[in-house]
Amino acid sequence: MSKTAELIIDGKSYTLPLVVGTENEVGIDIAELLEKTGAVTLDLGYKNTGATKSAITFLDGDKGILRYRGYSIEELAEKSNFLEVAYLLIFGELPTQQQYNTFSHDIKTHTLVHEDVKKILDGFPSTAHPMGVLASLFCSQTAFYPESLDPNRAVDGVYLSIVRSMAKMPTFAAWAYKNAVGHPVNYPDNSLDYCSRFLKMMFALPAEQYEVDPVVASALDKLLILHADHEQNCSTSTVRIVGSSKASIYSSLSAGINALWGPLHGGANQEVIVMLEQIKKDGGDTEKWINKAKDKNDPFRLMGFGHRVYKNFDPRAKIIKKAADDVLGKLGINDPVLEIAQKLEEAALKDPYFVERKLYPNVDFYSGIIYRALGLPTDLFTVMFAMGRLPGWIAQWKEMRENKEPIGRPRQIYTGATQRAYVPVGTRG
Ligand code: ACO
């Protein structure tokens with residue numbers, strides 16, 4: 001393949017270099033486009049724009065491939081655990097036993113949050129969505145660890161911020177839930193593994209004994225692995241762009257949480273259950289709802305279907321679907337909503353509207369069903385997504401920093417009024 005691309009503007013030809021990745025993805029390097037031609041590119045939603053070179057996650061949307069640092073998501077979900085995957089994403093290689101023990105020990109010793117965080121939590125009404133609470137508590141760490149504001153701090157300072165972020169996330173997530181239900185918060189139990197510790201903080205009550213169900217903890221661990229990174233999506237790009245201004249790691253991650261919240265991104269897992277419940281309440285006529293999704297005059301979209309990058313089955317959805325069957329079977333749950341989900345999936349996969357547009361079930365379609373089976377309230381589904389995505393965001397933030405990427409500052413094509421003179425208010429028509 002030629003190593004350059006030819007661009008002709010107004011009859012004048014420009015040569016642009018090509019960049020080829022390790023999986024043979026091709027990009028046209030336009031770093032000097034504006035300087036050489038006076039023109040910028042316009043790409044709403046960044047559908048064709050590579051924002052960075054990254055060695056973290058490879059995704060082939062047509063073939064349905066997802067790999068973290070070269071390892072397939074299928075293999076990691078089957079053989080690894082969330083903390084090991086987090087290490088792999090953040091530091092680039094699977095840890096040795098000693099590296100794993102150190103990382104896991106360091107995380108355990110930072111699970112407590114400052115007692116004053118409780119005062120912040122108390123300021124939120126119980127109606128506050130846990131995603132808003134989570135983002136705020138995360139950002140508040142800039143106040144408790146002001147040294148994190150220094151972008152040039154020592155490398156071990158960055159390690160400490162990474163460990164603190166991973167360690168405190170389950171505590172914040174569980175506390176956001178406790179605030180919503182009006183229960184006292186639980187402190188982390190460091191004798192437990194990452195997911196069990198979170199589950200105990202979520203569900204234990206002072207008045208009752210609580211034993212973590214290993215089936216639930218292991219299903220949650222798998223879900224977190226599946227959500228751990230997904231290259232340059234909306235929230236990850238947000239983390240990188242906020243971090244590129246040298247804002248602190250906590251504010252960058254908090255921005256990622258906010259971006260994830262939207263129903264077109266991580267918020268879709270909550271919306272899937274809301275939709276399935278609505279269909280059930282309406283009598284379970286899936287064909288009617290499929291037709292609504294196809295009707296261009298109806299704003300309804302089939303939540304959990306379609307993906308910006310996957311134009312094939314989302315590989316994570318395949319693993320989750322199987323995990324959903326396993327978990328529901330093991331826990332003896334017979335969820336009528338699952339039947340509706342299956343009918344919708346079957347109908348959509350045969351329907352020309354969905355087939356032509358390559359709209360397949362995405363990761364969110366089944367994750368909500370498992371979260372429900374694990375006893376998690378709907379409002380907390382996106383929080384679970386954020387907990388899973390955290391190591392990915394950290395890895396991307398760290399890579400952006402180590403690559404010394406410049407501040408993210410897109411251009412625009414201005415379409416507003418041209419210069420005009422100010423008219424005093426009394427004389428405006
Ligand atoms: N239901 C019905 N029609 C859909 C759906 C859907 N879920 N998704 C896309 N379409 C249609 C669009 O109307 C459009 O049709 P047209 O070509 O006739 O105008 C076509 O498919 C392409 O859709 P776009 O919105 O242009 O695709 P895009 O790549 O921009 O959007 C997105 C992807 C946002 C995920 C979209 O498919 C969607 O809204 N899905 C539902 C929400 C959802 O599940 N989000 C989770 C995404 S996964 C994640 O964030 C982890």
# chains A, B, ... in the order shown; residues from 1 in each chain; ligands from 1
$ closest_atom_pairs --of "chain A" --to "ligand 1" --cutoff "8 Å" --atoms "only C-alpha atoms and all ligand atoms" --output "CSV"
residue,atom,partner,partner_atom_place_in_ligand_line,distance
A:Gly45,CA,ligand 1,30 (O),7.5
A:Lys47,CA,ligand 1,29 (O),7.9
A:Asn233,CA,ligand 1,50 (O),7.8
A:Leu260,CA,ligand 1,50 (O),7.6
A:Pro263,CA,ligand 1,45 (N),6.4
A:Leu264,CA,ligand 1,45 (N),4.2
A:His265,CA,ligand 1,50 (O),3.4
A:Gly266,CA,ligand 1,50 (O),4.8
A:Gly267,CA,ligand 1,46 (C),7.4
A:Ala268,CA,ligand 1,45 (N),4.9
A:Asn269,CA,ligand 1,46 (C),7.3
A:Val272,CA,ligand 1,44 (O),7.5
A:Ala293,CA,ligand 1,2 (C),4.6
A:Lys294,CA,ligand 1,2 (C),5.7
A:Lys296,CA,ligand 1,13 (O),7.2
A:Phe300,CA,ligand 1,1 (N),7.2
A:Arg301,CA,ligand 1,1 (N),3.7
A:Leu302,CA,ligand 1,1 (N),4.0
A:Met303,CA,ligand 1,44 (O),4.3
A:Gly304,CA,ligand 1,44 (O),3.3
A:Phe305,CA,ligand 1,7 (N),4.3
A:Gly306,CA,ligand 1,37 (O),3.5
A:His307,CA,ligand 1,35 (C),3.9
A:Arg308,CA,ligand 1,29 (O),3.4
A:Val309,CA,ligand 1,29 (O),6.8
A:Phe354,CA,ligand 1,3 (N),7.2
A:Arg357,CA,ligand 1,21 (O),5.4
A:Lys358,CA,ligand 1,21 (O),7.9
A:Leu359,CA,ligand 1,8 (N),6.4
A:Pro361,CA,ligand 1,44 (O),7.8
A:Asn362,CA,ligand 1,48 (S),5.6
A:Val363,CA,ligand 1,51 (C),6.0
A:Asp364,CA,ligand 1,51 (C),6.1
A:Phe365,CA,ligand 1,44 (O),7.1
$ residues_around --residues "Lys108 of chain A" --least-positions-apart "6" --cutoff "12 Å" --atoms "only C-alpha atoms" --output "PDB file with N, CA, C and O atoms, in the first residue's frame"
ATOM      1  N   LEU A  83      -9.197  -7.511  38.943  1.00  0.00           N
ATOM      2  CA  LEU A  83      -7.998  -6.756  39.364  1.00  0.00           C
ATOM      3  C   LEU A  83      -6.812  -7.058  38.454  1.00  0.00           C
ATOM      4  O   LEU A  83      -6.014  -6.171  38.144  1.00  0.00           O
ATOM      5  N   ASN A 101       0.079  -9.398  43.836  1.00  0.00           N
ATOM      6  CA  ASN A 101      -0.119  -9.313  45.290  1.00  0.00           C
ATOM      7  C   ASN A 101       0.074  -7.879  45.780  1.00  0.00           C
ATOM      8  O   ASN A 101      -0.686  -7.392  46.607  1.00  0.00           O
ATOM      9  N   THR A 102       1.095  -7.205  45.247  1.00  0.00           N
ATOM     10  CA  THR A 102       1.366  -5.826  45.671  1.00  0.00           C
ATOM     11  C   THR A 102       0.218  -4.906  45.274  1.00  0.00           C
ATOM     12  O   THR A 102      -0.272  -4.113  46.086  1.00  0.00           O
ATOM     13  N   VAL A 163      -4.114   3.887  42.552  1.00  0.00           N
ATOM     14  CA  VAL A 163      -4.525   2.930  43.583  1.00  0.00           C
ATOM     15  C   VAL A 163      -5.706   3.491  44.377  1.00  0.00           C
ATOM     16  O   VAL A 163      -6.691   2.784  44.639  1.00  0.00           O
ATOM     17  N   ARG A 164      -5.626   4.754  44.728  1.00  0.00           N
ATOM     18  CA  ARG A 164      -6.741   5.363  45.483  1.00  0.00           C
ATOM     19  C   ARG A 164      -8.026   5.307  44.674  1.00  0.00           C
ATOM     20  O   ARG A 164      -9.101   5.019  45.203  1.00  0.00           O
ATOM     21  N   SER A 165      -7.930   5.611  43.377  1.00  0.00           N
ATOM     22  CA  SER A 165      -9.138   5.621  42.535  1.00  0.00           C
ATOM     23  C   SER A 165      -9.764   4.228  42.500  1.00  0.00           C
ATOM     24  O   SER A 165     -10.966   4.069  42.691  1.00  0.00           O
ATOM     25  N   MET A 166      -8.925   3.215  42.252  1.00  0.00           N
ATOM     26  CA  MET A 166      -9.434   1.839  42.189  1.00  0.00           C
ATOM     27  C   MET A 166     -10.000   1.411  43.554  1.00  0.00           C
ATOM     28  O   MET A 166     -11.016   0.737  43.624  1.00  0.00           O
ATOM     29  N   ALA A 167      -9.313   1.806  44.625  1.00  0.00           N
ATOM     30  CA  ALA A 167      -9.699   1.360  45.965  1.00  0.00           C
ATOM     31  C   ALA A 167     -10.992   1.994  46.445  1.00  0.00           C
ATOM     32  O   ALA A 167     -11.827   1.350  47.087  1.00  0.00           O
ATOM     33  N   LYS A 168     -11.172   3.273  46.121  1.00  0.00           N
ATOM     34  CA  LYS A 168     -12.310   4.003  46.697  1.00  0.00           C
ATOM     35  C   LYS A 168     -13.579   3.899  45.846  1.00  0.00           C
ATOM     36  O   LYS A 168     -14.668   4.198  46.327  1.00  0.00           O
ATOM     37  N   MET A 169     -13.412   3.512  44.583  1.00  0.00           N
ATOM     38  CA  MET A 169     -14.576   3.439  43.705  1.00  0.00           C
ATOM     39  C   MET A 169     -15.720   2.580  44.294  1.00  0.00           C
ATOM     40  O   MET A 169     -16.863   3.031  44.370  1.00  0.00           O
ATOM     41  N   PRO A 170     -15.444   1.332  44.759  1.00  0.00           N
ATOM     42  CA  PRO A 170     -16.550   0.541  45.313  1.00  0.00           C
ATOM     43  C   PRO A 170     -17.175   1.196  46.548  1.00  0.00           C
ATOM     44  O   PRO A 170     -18.393   1.095  46.767  1.00  0.00           O
ATOM     45  N   THR A 171     -16.343   1.872  47.341  1.00  0.00           N
ATOM     46  CA  THR A 171     -16.871   2.544  48.535  1.00  0.00           C
ATOM     47  C   THR A 171     -17.820   3.668  48.109  1.00  0.00           C
ATOM     48  O   THR A 171     -18.950   3.767  48.614  1.00  0.00           O
ATOM     49  N   PRO A 188     -15.562  -0.496  54.258  1.00  0.00           N
ATOM     50  CA  PRO A 188     -15.032  -1.649  53.519  1.00  0.00           C
ATOM     51  C   PRO A 188     -14.457  -2.720  54.445  1.00  0.00           C
ATOM     52  O   PRO A 188     -13.848  -2.394  55.464  1.00  0.00           O
ATOM     53  N   ASP A 189     -14.683  -3.978  54.078  1.00  0.00           N
ATOM     54  CA  ASP A 189     -14.116  -5.116  54.808  1.00  0.00           C
ATOM     55  C   ASP A 189     -12.954  -5.650  53.971  1.00  0.00           C
ATOM     56  O   ASP A 189     -13.162  -6.322  52.958  1.00  0.00           O
ATOM     57  N   ASN A 190     -11.737  -5.337  54.419  1.00  0.00           N
ATOM     58  CA  ASN A 190     -10.558  -5.671  53.611  1.00  0.00           C
ATOM     59  C   ASN A 190     -10.186  -7.142  53.627  1.00  0.00           C
ATOM     60  O   ASN A 190      -9.238  -7.547  52.963  1.00  0.00           O
ATOM     61  N   SER A 191     -10.954  -7.956  54.381  1.00  0.00           N
ATOM     62  CA  SER A 191     -10.669  -9.393  54.323  1.00  0.00           C
ATOM     63  C   SER A 191     -11.297  -9.989  53.063  1.00  0.00           C
ATOM     64  O   SER A 191     -11.056 -11.140  52.726  1.00  0.00           O
ATOM     65  N   LEU A 192     -12.107  -9.200  52.363  1.00  0.00           N
ATOM     66  CA  LEU A 192     -12.816  -9.719  51.184  1.00  0.00           C
ATOM     67  C   LEU A 192     -12.152  -9.274  49.884  1.00  0.00           C
ATOM     68  O   LEU A 192     -11.418  -8.286  49.857  1.00  0.00           O
ATOM     69  N   ASP A 193     -12.468  -9.989  48.797  1.00  0.00           N
ATOM     70  CA  ASP A 193     -11.950  -9.578  47.487  1.00  0.00           C
ATOM     71  C   ASP A 193     -12.727  -8.352  46.989  1.00  0.00           C
ATOM     72  O   ASP A 193     -13.727  -7.945  47.594  1.00  0.00           O
ATOM     73  N   TYR A 194     -12.286  -7.792  45.867  1.00  0.00           N
ATOM     74  CA  TYR A 194     -12.803  -6.513  45.367  1.00  0.00           C
ATOM     75  C   TYR A 194     -14.336  -6.507  45.235  1.00  0.00           C
ATOM     76  O   TYR A 194     -15.014  -5.624  45.764  1.00  0.00           O
ATOM     77  N   CYS A 195     -14.884  -7.519  44.552  1.00  0.00           N
ATOM     78  CA  CYS A 195     -16.333  -7.521  44.308  1.00  0.00           C
ATOM     79  C   CYS A 195     -17.121  -7.865  45.570  1.00  0.00           C
ATOM     80  O   CYS A 195     -18.171  -7.266  45.830  1.00  0.00           O
ATOM     81  N   ARG A 197     -16.251  -7.259  48.590  1.00  0.00           N
ATOM     82  CA  ARG A 197     -16.186  -6.086  49.470  1.00  0.00           C
ATOM     83  C   ARG A 197     -17.264  -5.073  49.070  1.00  0.00           C
ATOM     84  O   ARG A 197     -17.983  -4.530  49.907  1.00  0.00           O
ATOM     85  N   PHE A 198     -17.384  -4.876  47.768  1.00  0.00           N
ATOM     86  CA  PHE A 198     -18.403  -3.945  47.276  1.00  0.00           C
ATOM     87  C   PHE A 198     -19.806  -4.449  47.643  1.00  0.00           C
ATOM     88  O   PHE A 198     -20.637  -3.686  48.148  1.00  0.00           O
TER      89      PHE A 198
END
$ residues_around --residues "Lys322 of chain A" --least-positions-apart "3" --cutoff "12 Å" --atoms "only C-alpha atoms" --output "ChimeraX atom specification"
/A:74,77-78,219,222-223,315-319,325-329,366-367,369-370
$ residues_around --residues "Leu253 of chain A" --least-positions-apart "3" --cutoff "8 Å" --atoms "only C-alpha atoms" --output "PDB file with N, CA, C and O atoms, in the first residue's frame"
ATOM      1  N   PHE A 138     -16.182  11.452  43.519  1.00  0.00           N
ATOM      2  CA  PHE A 138     -14.895  11.234  42.860  1.00  0.00           C
ATOM      3  C   PHE A 138     -14.130  12.537  42.719  1.00  0.00           C
ATOM      4  O   PHE A 138     -12.952  12.640  43.031  1.00  0.00           O
ATOM      5  N   CYS A 139     -14.843  13.556  42.244  1.00  0.00           N
ATOM      6  CA  CYS A 139     -14.184  14.850  42.020  1.00  0.00           C
ATOM      7  C   CYS A 139     -13.727  15.461  43.343  1.00  0.00           C
ATOM      8  O   CYS A 139     -12.715  16.158  43.397  1.00  0.00           O
ATOM      9  N   VAL A 239     -12.365  11.609  29.256  1.00  0.00           N
ATOM     10  CA  VAL A 239     -11.288  11.514  30.256  1.00  0.00           C
ATOM     11  C   VAL A 239      -9.970  12.017  29.653  1.00  0.00           C
ATOM     12  O   VAL A 239      -9.246  12.804  30.263  1.00  0.00           O
ATOM     13  N   ILE A 249      -6.228  13.804  37.972  1.00  0.00           N
ATOM     14  CA  ILE A 249      -6.777  12.493  37.593  1.00  0.00           C
ATOM     15  C   ILE A 249      -8.220  12.343  38.107  1.00  0.00           C
ATOM     16  O   ILE A 249      -9.083  11.819  37.413  1.00  0.00           O
ATOM     17  N   TYR A 250      -8.489  12.857  39.323  1.00  0.00           N
ATOM     18  CA  TYR A 250      -9.840  12.668  39.879  1.00  0.00           C
ATOM     19  C   TYR A 250     -10.871  13.468  39.082  1.00  0.00           C
ATOM     20  O   TYR A 250     -11.984  12.996  38.847  1.00  0.00           O
ATOM     21  N   GLY A 256     -15.380  11.540  33.106  1.00  0.00           N
ATOM     22  CA  GLY A 256     -15.729  10.296  32.409  1.00  0.00           C
ATOM     23  C   GLY A 256     -17.032   9.719  32.953  1.00  0.00           C
ATOM     24  O   GLY A 256     -17.878   9.244  32.192  1.00  0.00           O
ATOM     25  N   ILE A 257     -17.191   9.766  34.270  1.00  0.00           N
ATOM     26  CA  ILE A 257     -18.425   9.245  34.888  1.00  0.00           C
ATOM     27  C   ILE A 257     -19.624  10.027  34.358  1.00  0.00           C
ATOM     28  O   ILE A 257     -20.657   9.451  33.991  1.00  0.00           O
ATOM     29  N   LEU A 390     -13.532   1.910  35.078  1.00  0.00           N
ATOM     30  CA  LEU A 390     -12.506   2.727  35.738  1.00  0.00           C
ATOM     31  C   LEU A 390     -11.061   2.385  35.311  1.00  0.00           C
ATOM     32  O   LEU A 390     -10.303   3.290  34.943  1.00  0.00           O
ATOM     33  N   TRP A 393     -10.367   3.819  31.871  1.00  0.00           N
ATOM     34  CA  TRP A 393     -10.194   5.279  31.887  1.00  0.00           C
ATOM     35  C   TRP A 393      -8.808   5.638  32.431  1.00  0.00           C
ATOM     36  O   TRP A 393      -8.127   6.518  31.902  1.00  0.00           O
ATOM     37  N   ILE A 394      -8.417   4.938  33.523  1.00  0.00           N
ATOM     38  CA  ILE A 394      -7.107   5.239  34.126  1.00  0.00           C
ATOM     39  C   ILE A 394      -5.994   4.941  33.117  1.00  0.00           C
ATOM     40  O   ILE A 394      -5.059   5.735  32.943  1.00  0.00           O
TER      41      ILE A 394
END
$ closest_residue --among "A:Ala347, A:Ser237, A:Tyr14, A:Gly284" --to "Gly38 of chain A" --atoms "only C-alpha atoms"
A:Tyr14
$ residues_around --residues "Val20 of chain A" --least-positions-apart "2" --cutoff "12 Å" --atoms "only C-alpha atoms" --output "MDAnalysis selection string"
chainID A and resid 1:4 17:18 22:29 50 53
$ write_last_selection --atoms "C-alpha atoms" --output "PDB file, in the first residue's frame"
ATOM      1  CA  MET A   1       0.000   0.000   0.000  1.00  0.00           C
ATOM      2  CA  SER A   2       1.143   3.549  -0.743  1.00  0.00           C
ATOM      3  CA  LYS A   3       2.432   5.366   2.333  1.00  0.00           C
ATOM      4  CA  THR A   4       0.726   8.633   1.443  1.00  0.00           C
ATOM      5  CA  PRO A  17       1.292  10.704   5.252  1.00  0.00           C
ATOM      6  CA  LEU A  18      -0.534   7.500   6.215  1.00  0.00           C
ATOM      7  CA  THR A  22      -0.257  -3.038  14.345  1.00  0.00           C
ATOM      8  CA  GLU A  23      -3.600  -4.492  13.213  1.00  0.00           C
ATOM      9  CA  ASN A  24      -3.258  -2.718   9.828  1.00  0.00           C
ATOM     10  CA  GLU A  25      -5.787   0.013  10.553  1.00  0.00           C
ATOM     11  CA  VAL A  26      -5.007   2.949   8.282  1.00  0.00           C
ATOM     12  CA  GLY A  27      -5.207   6.608   9.258  1.00  0.00           C
ATOM     13  CA  ILE A  28      -4.474   9.734   7.238  1.00  0.00           C
ATOM     14  CA  ASP A  29      -2.204  11.996   9.259  1.00  0.00           C
ATOM     15  CA  GLY A  50      -8.807   8.946  15.129  1.00  0.00           C
ATOM     16  CA  LYS A  53      -2.642   6.375  18.757  1.00  0.00           C
TER      17      LYS A  53
END
$ residues_around --residues "Leu224 of chain A" --least-positions-apart "3" --cutoff "10 Å" --atoms "only C-alpha atoms" --output "PyMOL selection string"
chain A and resi 77+81-83+85-86+195+218-221+227-229+384-391
$ closest_residue --among "A:Val355, A:Val133, A:Leu59, A:Val181" --to "Gln232 of chain A" --atoms "only C-alpha atoms"
A:Leu59
$ select_by_dssp --residues "segment 340-373 of chain A" --states "alpha helix (DSSP H)" --output "PyMOL selection string"
chain A and resi 340-350+352-356+363-373
$ atom_distance --atom1 "atom CA of His183 of chain A" --atom2 "atom CA of Leu205 of chain A"
7.8 Å
$ closest_residue --among "A:Ser235, A:Asn403, A:Gln99, A:Asn291" --to "Gly262 of chain A" --atoms "only C-alpha atoms"
A:Ser235
